[in-house]
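Text of the file protein13.cif, holding mmCIF, C-alpha atoms:
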```cif
data_run
#
loop_
_atom_site.label_atom_id
_atom_site.label_comp_id
_atom_site.auth_asym_id
_atom_site.auth_seq_id
_atom_site.Cartn_x
_atom_site.Cartn_y
_atom_site.Cartn_z
CA MET A 6 -27.97 33.85 11.06
CA ALA A 7 -27.41 33.91 14.82
CA GLN A 8 -28.80 36.98 16.56
CA LEU A 9 -27.51 38.79 19.63
CA ALA A 10 -30.69 39.61 21.48
CA PRO A 11 -30.54 41.30 24.88
CA GLY A 12 -30.97 38.73 27.63
CA ALA A 13 -30.78 35.79 25.21
CA GLU A 14 -28.07 33.12 25.15
CA PRO A 15 -26.37 33.62 21.77
CA ASN A 16 -25.83 30.63 19.47
CA LEU A 17 -22.39 31.82 18.41
CA ALA A 18 -18.98 30.34 17.75
CA ILE A 19 -17.58 33.29 19.71
CA GLN A 20 -18.00 32.51 23.39
CA THR A 21 -15.03 34.08 25.15
CA VAL A 22 -14.08 37.76 24.83
CA LEU A 23 -11.11 39.70 26.18
CA ILE A 24 -11.45 43.48 26.58
CA VAL A 25 -8.17 45.40 26.74
CA ASP A 26 -8.27 49.08 27.70
CA ASP A 27 -6.37 51.23 30.17
CA SER A 28 -9.65 53.00 30.96
CA ARG A 29 -11.60 51.12 33.60
CA LEU A 30 -14.79 52.95 32.58
CA GLN A 31 -14.44 51.93 28.92
CA ARG A 32 -13.83 48.31 29.94
CA ARG A 33 -16.96 48.32 32.11
CA ILE A 34 -19.11 49.78 29.33
CA VAL A 35 -18.05 47.19 26.75
CA SER A 36 -18.04 44.37 29.31
CA ALA A 37 -21.62 45.15 30.35
CA LEU A 38 -22.81 44.92 26.74
CA LEU A 39 -21.03 41.63 26.08
CA SER A 40 -22.06 40.04 29.36
CA LYS A 41 -25.68 40.96 28.68
CA TRP A 42 -25.38 39.07 25.39
CA GLY A 43 -24.31 35.92 27.21
CA LEU A 44 -20.56 36.00 26.42
CA ASP A 45 -17.77 35.14 28.89
CA VAL A 46 -15.80 38.33 29.37
CA TYR A 47 -12.26 38.85 30.64
CA GLU A 48 -10.71 42.28 31.26
CA ALA A 49 -7.14 43.56 31.08
CA ALA A 50 -5.83 47.06 31.83
CA SER A 51 -2.71 46.71 29.65
CA GLY A 52 -1.22 44.76 26.78
CA ALA A 53 1.13 42.90 29.13
CA GLU A 54 -1.73 41.82 31.40
CA ALA A 55 -3.74 40.79 28.34
CA LEU A 56 -0.90 38.58 27.08
CA ASP A 57 -0.77 36.81 30.46
CA ILE A 58 -4.51 36.12 30.22
CA CYS A 59 -4.12 34.84 26.64
CA LYS A 60 -1.60 32.29 27.87
CA ARG A 61 -4.25 30.87 30.19
CA VAL A 62 -7.37 31.44 28.11
CA ASP A 63 -7.89 31.23 24.36
CA PRO A 64 -10.26 34.14 23.70
CA ASP A 65 -12.37 33.86 20.58
CA LEU A 66 -12.60 37.66 20.32
CA ILE A 67 -10.39 40.50 21.49
CA VAL A 68 -11.60 44.08 21.71
CA SER A 69 -8.55 46.25 22.36
CA ASP A 70 -7.98 49.99 22.61
CA TRP A 71 -5.39 51.35 20.21
CA MET A 72 -3.86 54.04 22.39
CA MET A 73 -2.49 52.57 25.65
CA PRO A 74 0.64 53.35 27.68
CA GLU A 75 3.72 51.11 27.56
CA MET A 76 2.25 48.70 24.95
CA ASN A 77 -0.23 50.09 22.46
CA GLY A 78 -2.92 48.12 20.68
CA LEU A 79 -0.83 47.55 17.55
CA THR A 80 2.07 46.03 19.46
CA PHE A 81 -0.28 43.91 21.56
CA CYS A 82 -2.01 42.66 18.38
CA GLN A 83 1.35 41.65 16.86
CA LYS A 84 2.38 39.77 20.03
CA PHE A 85 -1.04 38.13 20.24
CA ARG A 86 -0.68 36.83 16.67
CA ASP A 87 2.69 35.33 17.61
CA LEU A 88 1.16 33.24 20.41
CA PRO A 89 0.67 29.51 19.69
CA ARG A 90 -3.06 28.83 19.37
CA ASP A 91 -5.27 25.96 18.28
CA SER A 92 -8.02 28.30 17.08
CA TYR A 93 -8.30 31.71 15.47
CA GLY A 94 -8.84 34.82 17.59
CA TYR A 95 -10.79 37.66 15.99
CA PHE A 96 -9.21 41.03 16.82
CA ILE A 97 -11.10 44.37 16.88
CA LEU A 98 -9.19 47.62 17.48
CA LEU A 99 -10.93 50.50 19.24
CA THR A 100 -9.75 53.85 17.98
CA SER A 101 -10.74 57.41 17.48
CA LYS A 102 -8.50 57.54 14.43
CA GLY A 103 -10.01 57.29 10.99
CA GLU A 104 -7.14 58.00 8.65
CA LYS A 105 -6.55 55.38 6.00
CA ASP A 106 -2.86 55.11 6.85
CA ASP A 107 -3.67 54.22 10.45
CA ILE A 108 -6.18 51.56 9.36
CA ALA A 109 -3.51 50.08 7.08
CA LEU A 110 -1.13 49.91 10.05
CA GLY A 111 -3.76 48.07 12.05
CA LEU A 112 -4.37 45.54 9.30
CA ASP A 113 -0.63 44.98 8.90
CA ALA A 114 -0.40 44.32 12.64
CA GLY A 115 -3.03 41.57 12.36
CA ALA A 116 -6.26 43.36 13.27
CA ASP A 117 -9.45 42.06 11.65
CA ASP A 118 -11.79 45.00 12.21
CA PHE A 119 -12.08 48.46 13.75
CA LEU A 120 -14.52 50.33 15.99
CA THR A 121 -14.47 54.01 16.80
CA LYS A 122 -14.86 55.26 20.32
CA PRO A 123 -17.21 55.76 22.01
CA VAL A 124 -18.53 52.26 21.24
CA ASN A 125 -22.01 52.04 19.75
CA ALA A 126 -23.91 48.93 20.92
CA ALA A 127 -25.50 48.21 17.52
CA GLU A 128 -22.19 48.63 15.72
CA LEU A 129 -20.42 46.37 18.22
CA ARG A 130 -23.13 43.73 17.73
CA ALA A 131 -22.67 43.90 13.94
CA ARG A 132 -18.88 43.57 14.27
CA ILE A 133 -19.25 40.55 16.54
CA LEU A 134 -21.63 38.84 14.13
CA ALA A 135 -19.20 39.48 11.26
CA GLY A 136 -16.34 38.05 13.30
CA ASP A 137 -18.44 35.11 14.38
CA ARG A 138 -18.71 33.91 10.80
CA ILE A 139 -14.90 33.85 10.53
CA VAL A 140 -14.40 32.18 13.90
CA GLY A 141 -17.19 29.69 13.20
CA MET A 142 -15.72 28.63 9.87
CA GLN A 143 -12.28 28.30 11.43
CA LYS A 144 -13.61 26.15 14.28
CA GLU A 145 -15.49 23.98 11.82
CA LEU A 146 -12.37 23.60 9.72
CA SER A 147 -10.29 22.81 12.81
CA GLU A 148 -12.78 20.14 13.87
CA LYS A 149 -12.74 18.60 10.41
CA ASN A 150 -8.95 18.67 10.42
CA ARG A 151 -8.97 17.02 13.83
CA LEU A 152 -11.28 14.30 12.53
CA VAL A 153 -9.10 13.84 9.45
CA GLN A 154 -5.98 13.62 11.61
CA SER A 155 -7.67 11.18 13.95
CA THR A 156 -8.80 9.07 11.00
CA LEU A 157 -5.31 9.15 9.53
CA CYS A 158 -3.88 7.99 12.85
CA GLU A 159 -6.36 5.12 12.96
CA LEU A 160 -5.57 4.25 9.35
CA GLN A 161 -1.86 4.32 10.13
CA LYS A 162 -2.41 1.93 13.03
CA LEU A 163 -4.44 -0.31 10.73
CA TYR A 164 -1.78 -0.07 8.03
CA ASP A 165 0.96 -0.93 10.53
CA SER A 166 -1.07 -3.91 11.70
CA LEU A 167 -1.73 -5.05 8.12
CA ASP A 168 1.91 -4.50 7.22
CA SER A 169 2.95 -6.70 10.11
CA ASP A 170 0.43 -9.35 9.08
CA LEU A 171 1.61 -9.16 5.47
CA LEU A 172 5.20 -9.65 6.53
CA GLU A 173 4.15 -12.78 8.37
CA ALA A 174 2.12 -13.85 5.33
CA LYS A 175 5.17 -13.36 3.15
CA LYS A 176 7.20 -15.61 5.45
CA LEU A 177 4.42 -18.18 5.29
CA GLN A 178 4.23 -18.02 1.49
CA GLN A 179 7.99 -18.27 1.15
CA SER A 180 7.86 -21.32 3.42
CA LEU A 181 5.69 -23.03 0.80
CA VAL A 182 8.91 -23.24 -1.21
CA SER A 183 10.96 -24.56 1.68
CA GLU A 184 13.73 -26.02 -0.49
CA ARG A 185 14.98 -23.81 -3.31
CA TYR A 186 17.47 -26.43 -4.49
CA ARG A 187 17.15 -30.22 -4.73
CA ASP A 188 19.77 -32.65 -5.99
CA PHE A 189 18.28 -35.92 -7.28
CA GLY A 190 21.55 -37.39 -8.50
CA ASN A 191 20.83 -37.49 -12.22
CA ALA A 192 19.07 -34.12 -12.07
CA ARG A 193 19.04 -30.92 -10.08
CA VAL A 194 16.07 -28.61 -9.50
CA SER A 195 16.40 -24.91 -8.59
CA LEU A 196 13.39 -22.77 -7.73
CA LEU A 197 12.83 -19.01 -7.98
CA LEU A 198 9.96 -17.16 -6.26
CA GLN A 199 9.95 -13.37 -5.90
CA SER A 200 6.69 -11.50 -5.23
CA SER A 201 6.13 -7.99 -6.55
CA GLY A 202 4.66 -7.00 -3.16
CA HIS A 203 4.52 -8.54 0.30
CA VAL A 204 2.70 -11.55 -1.08
CA GLY A 205 1.89 -12.67 -4.60
CA GLY A 206 0.09 -15.13 -6.81
CA ASP A 207 3.04 -17.16 -8.14
CA LEU A 208 4.03 -20.57 -6.82
CA VAL A 209 6.64 -23.12 -7.85
CA GLY A 210 7.44 -26.50 -6.40
CA VAL A 211 8.74 -30.03 -6.69
CA PHE A 212 7.25 -33.21 -5.22
CA PRO A 213 8.43 -36.84 -5.17
CA ILE A 214 6.57 -39.54 -7.08
CA ASP A 215 8.84 -42.53 -6.57
CA GLU A 216 12.56 -43.25 -6.52
CA ASN A 217 12.91 -42.48 -10.23
CA GLN A 218 10.28 -39.79 -10.79
CA VAL A 219 9.54 -36.30 -9.48
CA GLY A 220 6.84 -33.77 -10.26
CA LEU A 221 7.40 -30.09 -11.03
CA TYR A 222 4.93 -27.25 -11.25
CA SER A 223 4.81 -23.54 -11.92
CA ILE A 224 1.60 -21.63 -11.11
CA ASP A 225 0.53 -18.04 -11.70
CA VAL A 226 -2.79 -17.04 -10.08
CA SER A 227 -4.61 -14.07 -11.64
CA GLY A 228 -4.33 -10.76 -9.80
CA HIS A 229 -2.01 -9.80 -6.99
CA GLY A 230 -2.00 -9.44 -3.25
CA ILE A 231 -3.68 -11.30 -0.43
CA SER A 232 -6.50 -13.07 -2.30
CA SER A 233 -4.08 -14.40 -4.92
CA ALA A 234 -1.67 -15.50 -2.20
CA LEU A 235 -4.45 -17.37 -0.39
CA MET A 236 -5.21 -19.20 -3.62
CA THR A 237 -1.56 -20.21 -4.07
CA ALA A 238 -1.57 -21.57 -0.52
CA ARG A 239 -4.57 -23.73 -1.37
CA LEU A 240 -2.95 -24.94 -4.59
CA ALA A 241 0.20 -25.81 -2.65
CA GLY A 242 -1.94 -28.27 -0.70
CA TYR A 243 -3.26 -29.85 -3.89
CA LEU A 244 0.31 -30.44 -5.10
CA SER A 245 1.88 -31.08 -1.71
CA ALA A 246 5.33 -32.56 -1.40
CA THR A 247 4.80 -33.53 2.25
CA SER A 248 1.21 -34.83 2.30
CA LEU A 249 1.27 -37.07 -0.75
CA ASP A 250 -2.18 -38.46 0.04
CA GLN A 251 -3.60 -34.97 -0.67
CA ASN A 252 -1.60 -34.46 -3.87
CA VAL A 253 -4.07 -34.61 -6.77
CA ALA A 254 -1.25 -35.40 -9.22
CA LEU A 255 -0.64 -38.76 -7.55
CA VAL A 256 -2.51 -42.05 -7.23
CA LEU A 257 -2.10 -44.28 -4.18
CA ASN A 258 -1.29 -47.88 -5.09
CA LYS A 259 -2.47 -50.92 -3.14
CA ASN A 260 1.05 -51.55 -1.85
CA GLY A 261 1.22 -48.05 -0.34
CA THR A 262 3.40 -46.49 -3.04
CA TYR A 263 2.35 -43.68 -5.35
CA SER A 264 2.11 -43.40 -9.11
CA ALA A 265 1.79 -40.30 -11.25
CA ARG A 266 -1.49 -39.40 -12.88
CA PRO A 267 -1.15 -38.14 -16.44
CA PRO A 268 -0.45 -34.37 -16.12
CA ALA A 269 -3.27 -33.45 -18.53
CA GLU A 270 -5.73 -35.45 -16.44
CA THR A 271 -4.57 -33.70 -13.26
CA VAL A 272 -4.93 -30.25 -14.85
CA ALA A 273 -8.44 -31.10 -16.11
CA ASP A 274 -9.36 -32.26 -12.60
CA LEU A 275 -8.07 -29.00 -11.09
CA ASN A 276 -10.16 -27.09 -13.64
CA ARG A 277 -13.27 -29.02 -12.62
CA MET A 278 -12.63 -28.44 -8.90
CA PHE A 279 -12.10 -24.72 -9.37
CA LEU A 280 -15.28 -24.25 -11.33
CA ASN A 281 -17.51 -26.54 -9.30
CA GLU A 282 -16.15 -26.64 -5.76
CA ILE A 283 -14.24 -23.40 -5.12
CA GLU A 284 -16.02 -20.07 -5.00
CA THR A 285 -13.52 -17.64 -6.45
CA GLU A 286 -13.18 -15.16 -9.31
CA HIS A 287 -9.55 -16.13 -9.76
CA TYR A 288 -8.13 -18.39 -12.40
CA PHE A 289 -4.54 -19.52 -12.85
CA THR A 290 -2.05 -20.65 -15.43
CA LEU A 291 -0.09 -23.83 -14.80
CA LEU A 292 2.76 -25.89 -16.17
CA LEU A 293 2.71 -29.36 -14.60
CA ALA A 294 5.55 -31.79 -15.37
CA HIS A 295 6.48 -35.37 -14.46
CA VAL A 296 10.18 -36.12 -14.75
CA ASP A 297 11.57 -39.58 -15.35
CA LEU A 298 15.01 -39.24 -13.80
CA GLY A 299 16.27 -42.45 -15.31
CA ARG A 300 15.31 -41.87 -18.93
CA GLY A 301 15.45 -38.07 -19.02
CA ILE A 302 11.88 -37.83 -20.29
CA VAL A 303 9.76 -34.92 -19.06
CA THR A 304 5.99 -35.19 -19.63
CA MET A 305 4.21 -31.86 -19.37
CA SER A 306 0.79 -30.26 -19.62
CA GLN A 307 0.55 -26.53 -20.30
CA ALA A 308 -2.49 -24.54 -19.17
CA GLY A 309 -2.08 -20.97 -20.37
CA HIS A 310 1.41 -20.75 -18.89
CA PRO A 311 4.33 -19.27 -20.89
CA TYR A 312 6.12 -21.70 -23.17
CA PRO A 313 9.01 -23.40 -21.36
CA SER A 314 12.52 -23.39 -22.82
CA VAL A 315 14.85 -26.34 -23.33
CA GLN A 316 18.53 -25.50 -23.49
CA ARG A 317 20.71 -28.17 -24.98
CA VAL A 318 24.23 -28.91 -23.81
CA ASN A 319 25.64 -26.94 -26.77
CA GLY A 320 23.72 -23.81 -25.60
CA ARG A 321 20.96 -23.92 -28.24
CA VAL A 322 17.54 -22.90 -26.86
CA GLU A 323 14.21 -24.37 -28.01
CA LEU A 324 10.68 -23.29 -27.07
CA VAL A 325 8.35 -26.21 -26.36
CA GLY A 326 4.70 -26.58 -25.45
CA THR A 327 1.14 -26.72 -26.74
CA GLY A 328 -0.40 -23.64 -25.11
CA GLY A 329 -3.77 -24.51 -23.59
CA LEU A 330 -6.44 -22.71 -21.59
CA PRO A 331 -5.89 -21.34 -18.07
CA VAL A 332 -7.43 -23.34 -15.23
CA GLY A 333 -10.76 -22.10 -13.87
CA LEU A 334 -12.12 -20.32 -16.94
CA ILE A 335 -14.08 -22.83 -19.03
CA ASP A 336 -16.01 -25.81 -17.71
CA GLY A 337 -15.06 -29.07 -19.40
CA ALA A 338 -11.82 -27.71 -20.86
CA THR A 339 -9.41 -30.41 -22.03
CA TYR A 340 -5.64 -30.29 -21.92
CA GLU A 341 -2.87 -31.87 -23.93
CA GLU A 342 0.44 -33.45 -23.00
CA PHE A 343 3.81 -33.25 -24.67
CA GLU A 344 7.19 -34.84 -23.97
CA VAL A 345 10.71 -33.55 -23.99
CA LYS A 346 13.79 -35.80 -23.97
CA LEU A 347 16.68 -34.33 -22.02
CA GLU A 348 20.21 -35.56 -22.63
CA PRO A 349 23.08 -35.19 -20.16
CA GLY A 350 23.89 -31.47 -19.84
CA ASP A 351 20.46 -30.32 -21.12
CA ARG A 352 18.16 -28.25 -18.97
CA LEU A 353 14.50 -27.20 -18.85
CA PHE A 354 13.51 -23.66 -17.82
CA ILE A 355 9.89 -23.01 -16.78
CA HIS A 356 8.86 -19.47 -15.82
CA SER A 357 5.82 -17.27 -15.13
CA ASP A 358 4.76 -14.36 -17.34
CA GLY A 359 6.39 -11.98 -14.86
CA VAL A 360 9.66 -12.95 -16.59
CA ASP A 361 8.93 -12.52 -20.30
CA GLU A 362 6.55 -9.58 -19.61
CA CYS A 363 9.12 -7.73 -17.52
CA ALA A 364 9.30 -4.24 -19.03
CA SER A 365 12.21 -1.86 -19.43
CA PRO A 366 11.72 1.85 -18.59
CA ASP A 367 10.68 2.54 -22.21
CA GLY A 368 8.08 -0.27 -22.08
CA THR A 369 10.02 -2.90 -24.03
CA LEU A 370 9.10 -6.39 -22.81
CA LEU A 371 11.80 -8.98 -22.25
CA GLY A 372 9.82 -11.47 -24.36
CA HIS A 373 10.82 -14.97 -25.46
CA GLY A 374 13.84 -13.50 -27.20
CA GLY A 375 15.09 -11.94 -23.98
CA VAL A 376 14.61 -15.19 -22.08
CA LYS A 377 16.52 -17.07 -24.78
CA LYS A 378 19.31 -14.49 -24.77
CA GLY A 379 19.55 -14.75 -20.98
CA LEU A 380 19.79 -18.54 -21.06
CA ILE A 381 22.52 -18.42 -23.69
CA SER A 382 24.54 -15.79 -21.81
CA LEU A 383 24.34 -17.89 -18.63
CA LYS A 384 24.86 -21.33 -20.20
CA ASP A 385 27.93 -22.00 -18.05
CA MET A 386 26.14 -21.16 -14.78
CA HIS A 387 24.12 -23.74 -12.91
CA GLY A 388 21.78 -24.16 -9.96
CA MET A 389 21.10 -21.23 -7.65
CA ALA A 390 24.04 -19.33 -9.14
CA PHE A 391 22.14 -19.33 -12.45
CA ILE A 392 18.92 -18.22 -10.69
CA GLU A 393 20.66 -15.30 -8.98
CA ALA A 394 22.39 -14.24 -12.19
CA PHE A 395 19.11 -14.47 -14.13
CA ILE A 396 17.36 -12.22 -11.58
CA TRP A 397 20.25 -9.76 -11.84
CA ASN A 398 19.84 -9.67 -15.62
CA LEU A 399 16.09 -9.18 -15.22
CA SER A 400 16.65 -6.28 -12.81
CA ASN A 401 19.11 -4.78 -15.25
CA HIS A 402 16.48 -4.96 -18.00
CA ALA A 403 13.84 -3.33 -15.77
CA LYS A 404 16.38 -0.88 -14.28
CA LYS A 405 15.01 -1.58 -10.80
CA ASP A 406 15.09 -4.29 -8.14
CA GLU A 407 11.32 -4.43 -7.55
CA PHE A 408 9.29 -5.90 -10.41
CA GLU A 409 5.76 -4.93 -11.47
CA ASP A 410 4.65 -8.57 -11.44
CA ASP A 411 5.55 -11.67 -9.47
CA VAL A 412 8.55 -13.52 -10.87
CA SER A 413 8.98 -17.28 -10.54
CA ALA A 414 10.80 -20.06 -12.33
CA VAL A 415 11.83 -23.73 -12.19
CA LEU A 416 15.20 -24.85 -13.54
CA LEU A 417 15.63 -28.59 -14.16
CA GLU A 418 19.16 -29.62 -15.11
CA PHE A 419 20.27 -33.09 -16.15
CA THR A 420 23.85 -33.64 -15.13
CA GLU A 421 26.46 -34.51 -17.71
CA THR A 422 27.28 -37.63 -15.69
CA ALA A 423 23.70 -38.92 -15.79
CA ILE A 424 23.38 -42.59 -16.77
CA LEU A 425 20.45 -42.72 -19.13
CA ALA A 426 18.68 -45.92 -20.20
#
```
Could you take the file, read its structure, and then write that structure out as structure tokens?
Amino acid sequence: MAQLAPGAEPNLAIQTVLIVDDSRLQRRIVSALLSKWGLDVYEAASGAEALDICKRVDPDLIVSDWMMPEMNGLTFCQKFRDLPRDSYGYFILLTSKGEKDDIALGLDAGADDFLTKPVNAAELRARILAGDRIVGMQKELSEKNRLVQSTLCELQKLYDSLDSDLLEAKKLQQSLVSERYRDFGNARVSLLLQSSGHVGGDLVGVFPIDENQVGLYSIDVSGHGISSALMTARLAGYLSATSLDQNVALVLNKNGTYSARPPAETVADLNRMFLNEIETEHYFTLLLAHVDLGRGIVTMSQAGHPYPSVQRVNGRVELVGTGGLPVGLIDGATYEEFEVKLEPGDRLFIHSDGVDECASPDGTLLGHGGVKKGLISLKDMHGMAFIEAFIWNLSNHAKKDEFEDDVSAVLLEFTETAILA
């Protein structure tokens, strides 16, 4: 504990003291004691003068007489407590009164302690040490609060900066799906991509193979947020629609044209690359499809992705697929292919698990049945109108506009006027 030794500089939280007394002699007596103990002392002959000093100086301790003309010690204490302050001021009332009722009045006015007159040096020292503990704890708390506030301000600046960066990242990720609707004559492709946060781990796309073939893909990277989004950006390069020489699903022919690799072979190659060449803890599910626009044949490979749906022209919905392992989990994993024949008016719906695992407020998942029901209810809607209506239905199921998981889908529609071989 800090000690107040005569002639020694005290190691106290209390440094500044204001003495308020209409008696000049009493002020001098108390001031001499406090100055000898190394404290900065201010004097005031009245409550009004003391309030003026308090507006310029924040005293750590006030020693005020109770009985003073014009403004007594109680009134001064009340007005002092009303002043705006950054720190706590310990208030001692000097009085010759000892009745319990008077002490209660002093406490109600905001006084912390009492001293009887004439002031005893040892008793004053004890009162100051008691008050110092209160003032010291308050100053320590104020400093910690200041540090917390400063840290929060820095965190807010960092958050604002990250938020701005994430908004730009969202624009960049959305640009990976630059065309949400493509008309290939015999077929139309509509794409849906909606992240659960600023950025997400879902990706959908379409890329040309030749005049009669296109490729489709739907990807769902494990996890959420920035790291998943970075992985989708890398995958977008592997299945690029603009840099076909970098597209791992294509083979460059000698005459400069491109041919499609078997989807299962491409998926197996992606699995090898992820396990052997890319340092990441992520894995992803994938549905990769090659579409023969002339014959209406879609060749697909499914790697842990939800089963796609085929809706026939009469509205009937069929689940297709072979399942398969996600990409990036097991070295040497093999993948299968399956084909679907689409007739004029049929359509293929590929989606991420954010669709069938979309939960209602009571926890009920949409499931395959909900997807099927949605397709049937929207059988007369096509293209982006279908996509928008499907999202509306999904929001209605979840009872909110923001989903817990990323939501993405590919809709391939063969037109009723398609000329099939």
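Matched in the shown structure by the PyMOL selection byres ((chain A and resi 386-401) around 8): Arg185, Tyr186, Arg193, Val194, Ser195, Leu196, Leu197, Val360, Cys363, Gly379, Leu383, Lys384, Asp385, His402, Ala403, Lys404, Lys405, Asp406, Glu407, Phe408, Leu416 and Glu418 of chain A.
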* To do: Find, counting only C-alpha atoms, the residue in A:Ala269, A:Val325, A:Ile283, A:Leu44 that gets nearest to Ser306 (chain A).
  => A:Ala269
* Asked: If the PyMOL selection byres ((chain A and resi 218-221) around 6) is run on the structure shown, which residues does it catch, given as a ChimeraX atom specification?
  -> /A:210-217,222,293-298
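Those residues returned by the PyMOL selection byres ((chain A and resi 47-59) around 8) for this file are Thr21, Val22, Leu23, Ile24, Val25, Asp26, Asp27, Ser28, Arg29, Arg32, Ser36, Asp45, Val46, Lys60, Arg61, Val62, Asp63, Pro64, Met73, Pro74, Met76, Asn77, Gly78, Phe81, Lys84 and Phe85 of chain A.
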* Would you mind telling me which residue in A:Ala308, A:Leu240, A:Val226, A:Leu235 lies nearest to Pro268 (chain A) when using all atoms listed in the file? => A:Ala308
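Those residues that approach Phe279 (chain A) to within 8 Å, counting only C-alpha atoms, are Glu284, Thr285, Val332 and Gly333 of chain A; same-chain residues fewer than 5 positions away are not listed.
Among the candidates A:Ser92, A:Ile34, A:Gly337, A:Ser101, the residue lying nearest to Glu145 (chain A) is A:Ser92 (atoms considered: only C-alpha atoms).
Nearest to Ile355 (chain A) of all the residues A:Leu334, A:Ile302, A:Leu129, A:Leu291 is A:Leu291, based on only C-alpha atoms.
Straight-line separation from CA of Asp188 (chain A) to CA of Arg300 (chain A): 16.5 Å.
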* Structure fact -> A straight line from CA of Val209 (chain A) to CA of Pro349 (chain A) spans 23.8 Å
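Between CA of Thr262 (chain A) and CA of Leu292 (chain A) there is a distance of 24.4 Å.
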So that I can check the surroundings of Val322 (chain A), please list as a PDB file with C-alpha atoms, keeping the file's coordinate frame every protein, DNA and RNA residue that reaches within 8 Å of it, counting all atoms listed in the file and ignoring chain neighbours fewer than 5 positions away.
```pdb
ATOM      1  CA  SER A 314      12.520 -23.390 -22.820  1.00  0.00           C
ATOM      2  CA  VAL A 315      14.850 -26.340 -23.330  1.00  0.00           C
ATOM      3  CA  GLN A 316      18.530 -25.500 -23.490  1.00  0.00           C
ATOM      4  CA  ARG A 317      20.710 -28.170 -24.980  1.00  0.00           C
ATOM      5  CA  LYS A 377      16.520 -17.070 -24.780  1.00  0.00           C
ATOM      6  CA  LEU A 380      19.790 -18.540 -21.060  1.00  0.00           C
ATOM      7  CA  ILE A 381      22.520 -18.420 -23.690  1.00  0.00           C
TER       8      ILE A 381
END
```
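When only C-alpha atoms are used to measure the gap to Thr327 (chain A), the shortest distance among A:Tyr288, A:Phe343, A:Trp42, A:Phe119 belongs to A:Phe343.
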